[in-house]
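Report on the structure given below.
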Amino acid sequence: MKLVRKDLEKDNAGQVTLIPEEPEDMWHTYNLLQVGDSLRASTIRKVQTESATGSVGSNRIRTTLTLCVEAIDFDSQACQLRVKGTNIQENEYVKMGAYHTIELEPNRQFTLAKKQWDSVVLERIEQACDPAWSADVAAVVMQEGLAHVCLVTPSMTLTRAKVEVNIPRKRKGNCSQHDRALERFYEQVVQAIQRHINFEVVKCVLVASPGFVREQFCDYMFQQAVKSDNKLLLENRSKFLQVHSSSGHKYALKEALCDPAVTSRLSDTKAAGEVKALDDFYKMLQHEPDRAFYGLKHVEKANEAMAIDTLLISDELFRHQDVATRARYVKLVDSVRENMGTVRIFSSLHVSGEQLGQLTGVAAILRFPVAELSDQEDESSSEED
């Protein structure tokens, strides 16, 4: 997603202009739109025309309309988004108040205006427009003297660094020049990895090469990390995965990504944090039920006690049509963050998001047991008995 313009006022009213570039950007846009918003975009409209002789014909005309959003329809299979609403800006082809459906298209900009841009929506725009945010896989494709350090998002590959070092050939009885150049090359690749890979986001780093280059490089990198006590590399050692590629050029990354060992590992990376958080919640529910709550009322009570360590919440809840209900969820997210808690917003398109949806869509792992809530439950259940 590309952010063209953002005009927000002090009260957080205003508009943003965006260009969706990938199919998944339609999913982000679907999560940004709400009934009552104003959407301005280019669209095709069938217009009836009358000629001088009185004969009536119809033409399809491209025009720009501004709609007050009334209904939003998202096709998750085709990643298509249709928005229905009434025209709120005078147009030579469409009367004020006339109904129209805009189908948002990739690479065609639209402007979205809201009376109130809340923190969750603004964060969604930030994530959608920052490719590094969604790049939870990194790759180093290399051969002797050439390496590409890349970030792999769900929809694109970004080259963050290219390292080129001239490596002299080995000569009989004298390999020192070759070895020194190779060491210099490896050192530059290590620096590029540290500079461009955010290990807090990245869950897997592929090291791909022909021959034994990848093994030699990884041995060098971790030997140096031990010598210099480089905690960043040593703590993330398990994230490095060695695979074969035909060369060190960027296009060779495709072969590495098709490797069966890689595909099974990558299936775990996308939303791996969410899957782990949900797993931790179920374990807590089983072993320490006083530290695992779900349902909005209980989670809000735990938040009042500043007890929430991790909040698990489905993005589906932020698409609620009732403004007050939506505001309640946004307030909960902001409050947990203020109290230094972690917030994980689950995608309802992902299997972990579906599971969370079965638990009302909102759950929390607590820092400490909140017995009062459990006592209240016991009292209310005994009263019912």
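Simple scheme: letters A, B, ... for chains in structure tokens order, numbers from 1 for residues in each chain, numbers from 1 for ligands in the order shown.
Taking only C-alpha atoms, the non-local environment of A:Val205 within 7 Å (same-chain residues fewer than 2 positions away omitted) comprises Val137, Ala138, Ala139, Val207, Lys239, Phe240 and Leu241 of chain A.
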Closest-contact table, stretch 234-349 of chain A side, partner stretch 67-78 of chain A, 12 Å, counting only C-alpha atoms, as JSON lines:
```
{"residue": "A:Arg319", "atom": "CA", "partner": "A:Ile72", "partner_atom": "CA", "distance": 10.3}
{"residue": "A:His320", "atom": "CA", "partner": "A:Ile72", "partner_atom": "CA", "distance": 11.9}
{"residue": "A:Gln321", "atom": "CA", "partner": "A:Ala71", "partner_atom": "CA", "distance": 10.1}
{"residue": "A:Ser348", "atom": "CA", "partner": "A:Ser76", "partner_atom": "CA", "distance": 10.8}
{"residue": "A:Leu349", "atom": "CA", "partner": "A:Ser76", "partner_atom": "CA", "distance": 8.1}
```
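Taking only C-alpha atoms into account, A:Ile19 lies nearest to A:Gln109 out of the set A:Gln109, A:Asn236, A:Asn339, A:Gln355.
Here atom CA of A:Asp322 is placed at a distance of 18.1 Å from atom CA of A:Val83.
Across the model, the gap from atom CA of A:Thr111 to atom CA of A:Asn12 is 15.8 Å.
Residues in contact range of A:Leu65, defined as at most 8 Å between only C-alpha atoms, with sequence neighbours fewer than 5 positions away removed, read Arg40, Ala41, Ser42, Thr43, Asn87, Gln89 and Asn91 of chain A.
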